[in-house]
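Structure file model-v2.txt with compact mmCIF, C-alpha atoms and all ligand atoms:
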```
# COMPACT_ATOMS: atom_id res chain seq x y z
CA MET F 1 0.00 0.00 0.00
CA ARG F 2 1.28 3.47 -0.86
CA GLN F 3 2.47 5.60 2.09
CA VAL F 4 2.29 9.40 2.12
CA THR F 5 3.55 11.94 4.65
CA LEU F 6 0.89 13.85 6.60
CA ILE F 7 1.80 17.23 8.11
CA PRO F 8 -1.14 18.45 10.27
CA GLY F 9 0.36 21.95 10.79
CA ASP F 10 -0.77 24.71 13.15
CA GLY F 11 -4.04 26.36 14.18
CA ILE F 12 -7.00 24.69 12.43
CA GLY F 13 -4.58 22.27 10.71
CA PRO F 14 -5.12 19.29 13.05
CA GLU F 15 -8.93 19.70 12.96
CA ILE F 16 -9.22 19.70 9.16
CA THR F 17 -6.59 16.94 8.91
CA GLU F 18 -8.72 14.67 11.13
CA ALA F 19 -11.71 15.32 8.86
CA VAL F 20 -9.73 14.33 5.74
CA LYS F 21 -8.38 11.20 7.46
CA ALA F 22 -11.90 10.12 8.43
CA ILE F 23 -13.18 10.62 4.86
CA PHE F 24 -10.23 8.73 3.33
CA SER F 25 -10.70 5.90 5.79
CA ALA F 26 -14.45 5.65 5.04
CA ALA F 27 -13.68 5.65 1.30
CA ASN F 28 -11.15 2.80 1.76
CA VAL F 29 -8.43 4.76 -0.02
CA PRO F 30 -5.47 2.39 -0.37
CA LEU F 31 -2.81 4.51 1.30
CA THR F 32 -1.31 4.88 4.75
CA TRP F 33 -0.33 8.12 6.48
CA GLU F 34 3.07 8.72 8.04
CA GLU F 35 2.41 11.62 10.39
CA GLU F 36 5.23 14.14 10.92
CA ASN F 37 4.63 17.72 11.92
CA ALA F 38 6.32 21.06 11.17
CA GLY F 39 5.83 24.69 12.14
CA GLN F 40 5.10 26.65 15.27
CA THR F 41 3.61 23.76 17.28
CA THR F 42 6.59 21.55 16.45
CA PHE F 43 9.02 24.35 17.26
CA ASP F 44 7.39 24.84 20.67
CA ALA F 45 7.56 21.08 21.33
CA VAL F 46 10.99 20.06 20.00
CA GLY F 47 12.78 23.32 19.13
CA GLU F 48 12.83 22.65 15.39
CA LEU F 49 10.58 24.01 12.63
CA ILE F 50 11.30 21.23 10.14
CA PRO F 51 12.53 18.22 12.15
CA GLU F 52 14.92 15.74 10.56
CA SER F 53 12.26 13.02 10.89
CA LEU F 54 9.97 15.04 8.57
CA ASN F 55 12.81 15.54 6.11
CA ALA F 56 13.45 11.79 6.08
CA SER F 57 9.75 10.98 5.69
CA LEU F 58 9.41 13.37 2.72
CA ASN F 59 12.53 11.99 1.05
CA LYS F 60 11.18 8.48 1.46
CA ASN F 61 7.51 8.99 0.51
CA LYS F 62 7.92 11.78 -2.10
CA VAL F 63 4.26 12.76 -1.65
CA ALA F 64 2.73 14.69 1.26
CA LEU F 65 -0.48 16.34 2.41
CA LYS F 66 0.13 19.44 4.52
CA GLY F 67 -2.07 21.55 6.78
CA PRO F 68 -1.47 25.30 7.18
CA ILE F 69 1.55 26.56 9.09
CA THR F 70 1.77 29.78 11.08
CA THR F 71 4.47 32.27 10.06
CA PRO F 72 5.15 35.27 12.31
CA VAL F 73 4.82 38.64 10.52
CA GLY F 74 8.04 40.71 10.18
CA LYS F 75 10.60 39.27 12.59
CA GLY F 76 10.85 35.60 13.60
CA PHE F 77 11.47 32.48 11.55
CA LYS F 78 11.42 32.16 7.78
CA SER F 79 8.20 30.65 6.44
CA VAL F 80 8.21 26.84 6.66
CA ASN F 81 6.18 26.75 3.44
CA VAL F 82 8.81 28.78 1.59
CA GLN F 83 11.59 26.61 3.09
CA LEU F 84 9.94 23.32 2.04
CA ARG F 85 9.34 24.65 -1.49
CA GLN F 86 12.98 25.70 -1.80
CA MET F 87 14.51 22.62 -0.07
CA PHE F 88 12.77 20.21 -2.46
CA ASP F 89 12.62 22.49 -5.52
CA LEU F 90 8.81 22.37 -5.64
CA TYR F 91 8.77 24.94 -8.41
CA SER F 92 5.12 24.62 -9.51
CA ASN F 93 2.41 25.97 -7.30
CA VAL F 94 -0.79 24.75 -8.91
CA ARG F 95 -4.08 26.28 -7.78
CA PRO F 96 -7.35 25.42 -9.50
CA ALA F 97 -10.27 27.84 -9.05
CA LYS F 98 -13.61 26.50 -10.17
CA THR F 99 -17.19 27.53 -9.43
CA THR F 100 -18.94 25.03 -7.12
CA LYS F 101 -22.71 24.45 -7.23
CA GLY F 102 -24.23 25.66 -3.96
CA VAL F 103 -21.31 27.91 -2.99
CA ASN F 104 -22.59 31.46 -3.49
CA THR F 105 -20.30 33.81 -5.38
CA ARG F 106 -20.63 36.71 -7.80
CA PHE F 107 -19.82 34.43 -10.74
CA ASP F 108 -21.13 31.04 -11.79
CA ASN F 109 -18.72 30.24 -14.61
CA VAL F 110 -15.13 30.34 -13.29
CA ASN F 111 -12.88 27.44 -14.26
CA LEU F 112 -9.19 28.23 -14.34
CA VAL F 113 -5.89 26.88 -13.05
CA LEU F 114 -3.16 29.17 -11.84
CA PHE F 115 0.51 28.14 -12.12
CA ARG F 116 2.64 30.23 -9.76
CA GLU F 117 6.45 30.01 -9.83
CA ASN F 118 7.19 28.84 -6.31
CA THR F 119 10.89 29.21 -5.50
CA GLU F 120 12.23 32.48 -6.95
CA GLY F 121 11.02 36.04 -7.58
CA LEU F 122 10.63 38.27 -4.56
CA TYR F 123 10.50 35.17 -2.33
CA ALA F 124 14.05 34.10 -3.18
CA GLY F 125 15.06 35.34 0.30
CA LEU F 126 17.49 37.95 -1.06
CA GLU F 127 16.72 40.76 1.38
CA THR F 128 19.01 43.27 3.05
CA PHE F 129 18.26 45.96 5.59
CA ASP F 130 20.53 48.93 6.30
CA GLU F 131 19.73 49.76 9.90
CA ARG F 132 21.47 53.18 9.79
CA LEU F 133 19.89 54.41 6.57
CA GLN F 134 16.63 52.52 7.19
CA ILE F 135 16.66 51.14 3.66
CA SER F 136 15.48 47.67 2.72
CA ASP F 137 16.32 45.98 -0.58
CA SER F 138 14.44 42.88 -1.71
CA ILE F 139 15.74 41.29 -4.87
CA ALA F 140 13.28 39.60 -7.21
CA ARG F 141 15.38 36.86 -8.78
CA VAL F 142 14.00 35.50 -12.04
CA THR F 143 16.12 32.91 -13.86
CA ARG F 144 15.80 31.40 -17.32
CA THR F 145 15.88 27.88 -15.85
CA GLY F 146 13.25 28.65 -13.21
CA SER F 147 11.00 30.38 -15.76
CA GLU F 148 11.36 27.52 -18.22
CA LYS F 149 10.34 24.94 -15.59
CA ILE F 150 7.13 26.67 -14.45
CA ILE F 151 6.07 27.78 -17.93
CA ARG F 152 6.72 24.32 -19.39
CA ALA F 153 4.69 22.80 -16.52
CA ALA F 154 1.77 25.12 -17.34
CA PHE F 155 1.88 24.28 -21.07
CA GLU F 156 2.17 20.56 -20.34
CA TYR F 157 -0.88 20.76 -18.05
CA ALA F 158 -2.84 22.71 -20.70
CA ASN F 159 -1.87 20.15 -23.32
CA ARG F 160 -2.88 17.16 -21.15
CA HIS F 161 -6.24 18.71 -20.25
CA GLY F 162 -7.12 20.04 -23.70
CA CYS F 163 -6.99 23.69 -22.61
CA LYS F 164 -6.94 26.14 -25.49
CA LYS F 165 -5.34 29.21 -23.94
CA ILE F 166 -2.53 30.20 -21.56
CA THR F 167 -2.31 33.69 -20.11
CA VAL F 168 1.10 34.90 -18.93
CA ALA F 169 0.72 37.57 -16.23
CA HIS F 170 3.73 39.88 -15.82
CA LYS F 171 4.95 43.45 -15.36
CA ALA F 172 7.48 43.57 -18.17
CA ASN F 173 6.63 47.20 -18.95
CA ILE F 174 8.21 48.32 -15.66
CA LEU F 175 10.35 45.33 -14.57
CA LYS F 176 12.27 45.52 -17.81
CA SER F 177 14.73 42.69 -17.17
CA ALA F 178 12.89 40.22 -14.89
CA GLY F 179 9.52 40.66 -16.58
CA ALA F 180 10.99 40.53 -20.07
CA LEU F 181 12.95 37.36 -19.25
CA PHE F 182 9.84 35.56 -18.00
CA LEU F 183 7.72 36.74 -20.92
CA GLY F 184 10.44 35.97 -23.47
CA VAL F 185 10.81 32.40 -22.17
CA ALA F 186 7.03 31.95 -22.40
CA ALA F 187 7.00 33.09 -26.04
CA GLU F 188 9.79 30.59 -26.85
CA ILE F 189 8.06 27.66 -25.13
CA ALA F 190 4.70 28.53 -26.74
CA LYS F 191 6.20 27.64 -30.14
CA ASP F 192 6.32 23.98 -29.02
CA TYR F 193 2.53 23.99 -28.44
CA PRO F 194 0.89 25.27 -31.65
CA ASN F 195 -2.58 24.16 -30.48
CA ILE F 196 -2.48 26.41 -27.43
CA GLN F 197 -2.93 30.14 -27.81
CA MET F 198 -0.62 32.21 -25.60
CA GLU F 199 -1.61 35.70 -24.54
CA ASP F 200 0.07 38.02 -22.06
CA LYS F 201 -1.45 40.49 -19.63
CA ILE F 202 0.18 43.12 -17.48
CA ILE F 203 -0.54 42.18 -13.87
CA ASP F 204 -2.67 45.22 -12.97
CA ASN F 205 -4.92 44.73 -15.98
CA MET F 206 -4.95 41.00 -15.18
CA CYS F 207 -6.48 41.74 -11.76
CA MET F 208 -9.14 43.96 -13.28
CA GLN F 209 -9.98 41.39 -15.98
CA LEU F 210 -10.17 38.61 -13.39
CA VAL F 211 -12.76 40.39 -11.27
CA ALA F 212 -14.71 41.62 -14.32
CA LYS F 213 -14.70 38.63 -16.70
CA PRO F 214 -13.02 35.63 -15.04
CA GLU F 215 -14.57 33.16 -17.49
CA GLN F 216 -12.12 34.27 -20.20
CA PHE F 217 -9.22 32.55 -18.40
CA ASP F 218 -8.20 28.93 -18.67
CA VAL F 219 -4.57 28.39 -17.55
CA VAL F 220 -2.64 31.32 -16.05
CA VAL F 221 1.12 31.32 -15.37
CA THR F 222 3.06 33.94 -13.46
CA THR F 223 5.97 34.70 -11.12
CA ASN F 224 5.95 34.11 -7.37
CA LEU F 225 4.57 37.28 -5.75
CA PHE F 226 2.03 37.98 -8.49
CA GLY F 227 0.92 34.35 -8.26
CA ASP F 228 0.58 34.51 -4.48
CA ILE F 229 -1.74 37.51 -4.73
CA LEU F 230 -3.66 36.28 -7.79
CA SER F 231 -4.31 32.90 -6.19
CA ASP F 232 -6.15 34.47 -3.24
CA LEU F 233 -8.01 36.73 -5.66
CA CYS F 234 -9.08 33.63 -7.62
CA ALA F 235 -10.09 31.92 -4.36
CA GLY F 236 -12.37 34.88 -3.69
CA LEU F 237 -14.01 34.40 -7.09
CA VAL F 238 -15.09 30.85 -6.27
CA GLY F 239 -16.08 30.97 -2.59
CA GLY F 240 -13.04 31.92 -0.56
CA LEU F 241 -10.01 30.39 1.07
CA GLY F 242 -11.99 27.59 2.70
CA VAL F 243 -12.76 25.86 -0.61
CA VAL F 244 -9.68 26.03 -2.85
CA ALA F 245 -6.93 23.44 -3.23
CA GLY F 246 -3.24 23.84 -3.91
CA ALA F 247 -0.24 21.72 -4.82
CA ASN F 248 3.51 22.32 -4.73
CA ILE F 249 5.04 20.10 -7.37
CA GLY F 250 8.65 19.46 -8.33
CA ASP F 251 10.32 16.84 -10.47
CA ASN F 252 10.80 14.43 -7.54
CA MET F 253 8.29 15.41 -4.90
CA ALA F 254 4.81 16.86 -4.46
CA ILE F 255 3.29 18.49 -1.37
CA PHE F 256 -0.45 19.13 -1.49
CA GLU F 257 -1.87 21.82 0.78
CA ALA F 258 -4.88 23.99 1.46
CA VAL F 259 -4.37 27.54 0.20
CA HIS F 260 -5.56 29.14 3.44
CA GLY F 261 -3.55 29.78 6.59
CA SER F 262 -3.80 28.48 10.15
CA ALA F 263 -6.83 30.72 10.89
CA PRO F 264 -5.92 31.52 14.53
CA ASP F 265 -9.25 33.35 14.96
CA ILE F 266 -11.23 30.08 14.72
CA ALA F 267 -8.61 27.48 15.74
CA GLY F 268 -9.79 24.94 18.31
CA LYS F 269 -13.48 25.83 17.87
CA GLY F 270 -14.28 22.86 15.63
CA ILE F 271 -15.89 25.07 12.96
CA ALA F 272 -13.16 25.19 10.26
CA ASN F 273 -14.12 24.16 6.76
CA PRO F 274 -12.08 21.11 5.67
CA THR F 275 -12.97 21.48 1.96
CA ALA F 276 -9.72 23.15 0.88
CA LEU F 277 -7.58 20.43 2.44
CA LEU F 278 -9.90 17.71 1.15
CA ARG F 279 -9.73 19.12 -2.38
CA SER F 280 -5.92 19.21 -2.09
CA ALA F 281 -6.06 15.58 -0.97
CA ILE F 282 -8.21 14.77 -4.03
CA MET F 283 -5.54 16.41 -6.23
CA MET F 284 -3.04 14.16 -4.46
CA LEU F 285 -5.11 11.07 -5.37
CA HIS F 286 -5.05 12.09 -9.04
CA HIS F 287 -1.27 12.55 -8.76
CA LEU F 288 -1.03 9.01 -7.34
CA ASP F 289 -3.25 7.73 -10.14
CA LEU F 290 -6.02 6.76 -7.69
CA LYS F 291 -8.66 8.24 -9.98
CA GLU F 292 -11.63 6.11 -8.93
CA GLU F 293 -11.17 7.06 -5.25
CA ALA F 294 -10.61 10.71 -6.21
CA ASN F 295 -13.83 10.86 -8.23
CA ARG F 296 -15.89 9.07 -5.57
CA ILE F 297 -14.81 11.46 -2.79
CA GLU F 298 -15.23 14.47 -5.08
CA THR F 299 -18.80 13.46 -5.97
CA ALA F 300 -19.69 13.09 -2.26
CA LEU F 301 -18.07 16.46 -1.48
CA GLU F 302 -19.87 18.26 -4.33
CA ALA F 303 -23.23 16.80 -3.22
CA THR F 304 -22.59 18.03 0.32
CA LEU F 305 -21.51 21.50 -0.80
CA ALA F 306 -24.71 21.77 -2.86
CA ASN F 307 -26.72 21.72 0.38
CA LYS F 308 -25.75 24.69 2.57
CA GLU F 309 -27.34 23.22 5.68
CA GLU F 310 -24.77 20.42 5.67
CA CYS F 311 -21.79 22.78 5.48
CA THR F 312 -19.71 24.83 7.91
CA GLY F 313 -20.50 28.42 8.89
CA ASP F 314 -18.23 30.09 6.32
CA LEU F 315 -20.45 28.51 3.61
CA GLY F 316 -23.68 29.58 5.29
CA GLY F 317 -24.37 26.34 7.15
CA ARG F 318 -24.28 25.37 10.83
CA ALA F 319 -22.33 22.09 10.73
CA SER F 320 -19.15 21.62 12.73
CA THR F 321 -15.99 20.37 11.00
CA THR F 322 -16.76 16.82 12.15
CA GLU F 323 -20.44 16.96 11.13
CA PHE F 324 -19.48 18.29 7.69
CA ALA F 325 -17.05 15.37 7.27
CA GLN F 326 -19.77 12.92 8.39
CA ASN F 327 -22.18 14.42 5.82
CA ILE F 328 -19.61 13.70 3.11
CA ILE F 329 -18.99 10.18 4.44
CA ALA F 330 -22.74 9.45 4.37
CA LYS F 331 -22.72 10.05 0.59
CA LEU F 332 -19.70 7.93 -0.30
P1 LIG F 401 -5.91 32.61 7.11
O1 LIG F 401 -6.12 31.97 5.78
O2 LIG F 401 -5.43 31.75 8.19
O3 LIG F 401 -7.32 33.27 7.56
C1 LIG F 401 -7.98 34.29 6.82
C2 LIG F 401 -9.47 34.26 7.17
O4 LIG F 401 -10.08 33.12 6.53
C3 LIG F 401 -9.75 34.10 8.67
O5 LIG F 401 -10.89 34.86 9.01
C4 LIG F 401 -10.02 32.62 8.83
O6 LIG F 401 -10.87 32.32 9.91
C5 LIG F 401 -10.67 32.27 7.49
N1 LIG F 401 -10.38 30.88 7.13
C6 LIG F 401 -9.20 30.38 6.65
N2 LIG F 401 -9.29 29.08 6.45
C7 LIG F 401 -10.54 28.71 6.79
C8 LIG F 401 -11.25 27.48 6.81
N3 LIG F 401 -10.67 26.33 6.41
N4 LIG F 401 -12.53 27.48 7.23
C9 LIG F 401 -13.13 28.61 7.63
N5 LIG F 401 -12.53 29.81 7.62
C10 LIG F 401 -11.25 29.86 7.22
O7 LIG F 401 -4.96 33.85 6.86
P2 LIG F 401 -4.18 34.78 7.90
O8 LIG F 401 -5.07 35.07 9.07
O9 LIG F 401 -3.70 35.89 7.07
O10 LIG F 401 -2.93 33.94 8.35
C11 LIG F 401 -2.85 33.20 9.58
C12 LIG F 401 -1.52 32.46 9.62
O11 LIG F 401 -1.48 31.45 8.58
C13 LIG F 401 -0.29 33.34 9.40
O12 LIG F 401 0.70 32.94 10.33
C14 LIG F 401 0.14 33.03 7.98
O13 LIG F 401 1.52 33.20 7.77
C15 LIG F 401 -0.25 31.57 7.85
N6 LIG F 401 -0.49 31.14 6.47
C16 LIG F 401 -0.09 29.88 6.13
C17 LIG F 401 -0.33 29.38 4.88
C18 LIG F 401 0.11 27.98 4.60
O14 LIG F 401 0.55 27.27 5.48
N7 LIG F 401 0.01 27.51 3.36
C19 LIG F 401 -1.00 30.18 3.84
C20 LIG F 401 -1.43 31.47 4.30
C21 LIG F 401 -1.17 31.93 5.58
```
Go ahead and express the file in the form of structure tokens.
Ligand code: NAI
Amino acid sequence: MRQVTLIPGDGIGPEITEAVKAIFSAANVPLTWEEENAGQTTFDAVGELIPESLNASLNKNKVALKGPITTPVGKGFKSVNVQLRQMFDLYSNVRPAKTTKGVNTRFDNVNLVLFRENTEGLYAGLETFDERLQISDSIARVTRTGSEKIIRAAFEYANRHGCKKITVAHKANILKSAGALFLGVAAEIAKDYPNIQMEDKIIDNMCMQLVAKPEQFDVVVTTNLFGDILSDLCAGLVGGLGVVAGANIGDNMAIFEAVHGSAPDIAGKGIANPTALLRSAIMMLHHLDLKEEANRIETALEATLANKEECTGDLGGRASTTEFAQNIIAKL
């Protein structure tokens, strides 16, 4: 039986992780969990953010499901998420945003997948601060190799799924070198995929177009910071952070995670929505080629989401995290 690493994380992480475990168990998914934690809770317990045992588990299993991890604002430790992405070169951050029946939003026709470069750009960690002059420099590193990998991944995905269009979001009008490098690489790679139309949009216009006519987008690819912001914007288009999945994928490893954070305002109350983590887990099943299990759980989830009463408070229902999971299980 296939083993995957399970990282419950901080805040609401353990609560939504338990819900996913219960649903997987009820669906008889043929995999076992190897539980290893990371983040604030782990640091408080053992003095390490990413313990060696987690490292070993990831290297062995190559696939993981991860709950959200708290990162202090400003001072304090470097984001565990950013560290994991850089340690294992998980260069593709893949975030689907699709309208769900029963989840009220302003639009009813969104169906796009965002590919965010995950290891470079402004998150490369190249920051300096001159205490005397009070000047901070943050370098946005964009490389040809890094751009090629994420753009190729987006085109390959579009090709596999029969998508007709890729939109490259950038700021090459102002960021003359970094933006132009990313856009130039995209234009080169596009030549290998004559059936896919490539268009480019300057990031500010991209935001406006996304909130005005999101149905025009299919696959979107962009650099790290723009992708981070766009992915939450896209989450807002389809029902919020509680319902969207995410994956960090490299050539040798994949870590699937909910897009939202540790939600300290509701942690421990038993009211968190497990949908985002469950959808990430469903993406993981597709990655592991467990398509039948993925489709069965997805059908039960969609049927539950279609009935507000059976959902958690953020979706307009009154169910607790556990009750919501039980409602899904009842439909398997
Ligand atoms: P957040 O996503 O934790 O919360 C934003 C709002 O959405 C809150 O009102 C929260 O209650 C709500 N929310 C989030 N997930 C929900 C769910 N599953 N069900 C119901 N409501 C939900 O963002 P915030 O407050 O900015 O960040 C909190 C912490 O999480 C920070 O330390 C941040 O660094 C970390 N974070 C971690 C991420 C990760 O591990 N991938 C991603 C984003 C933030």
Q | Closest of F:Ile150, F:Leu315, F:Val211, F:Met1 to F:Asn28 - atom-to-atom distances counting all atoms listed in the file | A |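 Smallest separation from F:Asn28 among the options: F:Met1.
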Listed atoms of stretch 32-41 of chain F boxed along x, y and z, 4 Å each side, centre and edge lengths in Å, one decimal, as JSON:
```
{"center_x": 2.5, "center_y": 15.8, "center_z": 11.0, "size_x": 15.6, "size_y": 29.8, "size_z": 20.5}
```
Q.
With distances taken over all atoms listed in the file, which residue among F:Met87, F:Val221, F:Val110, F:Val4 lies nearest F:Leu237?
A. F:Val110
Q.
Here is a test: counting only C-alpha atoms and all ligand atoms, which residue of F:Asp44, F:Asp200, F:Asp228, F:Asp108 is nearest to ligand LIG 401 (chain F)?
A. F:Asp228
Q.
Give me, as JSON, numbers by chain, all polymer residues having an atom no more than 10 Å from F:Leu277, counting all atoms listed in the file and skipping those fewer than 2 positions away in the same chain.
A. {"F": [13, 16, 17, 19, 20, 65, 66, 67, 68, 242, 243, 244, 245, 246, 256, 257, 258, 259, 260, 273, 274, 275, 279, 280, 281, 282, 283]}
Q) Between F:Ile7, F:Ile69, F:Val29, F:Ala158, which is the closest to ligand LIG 401 (chain F) once you count only C-alpha atoms and all ligand atoms? A) F:Ile69
Q | Interatomic distance, atom CA of F:Ser262 to atom CA of F:Lys78 (Å, one decimal) | A |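 Atom CA of F:Lys78 lies at a distance of 15.8 Å from atom CA of F:Ser262.
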Q: Fewer than 4 positions away in the same chain doesn't count, so skip those; otherwise give me all residues within 12 Å of F:Thr119, counting all atoms listed in the file, as a count of residues only.
A: 34
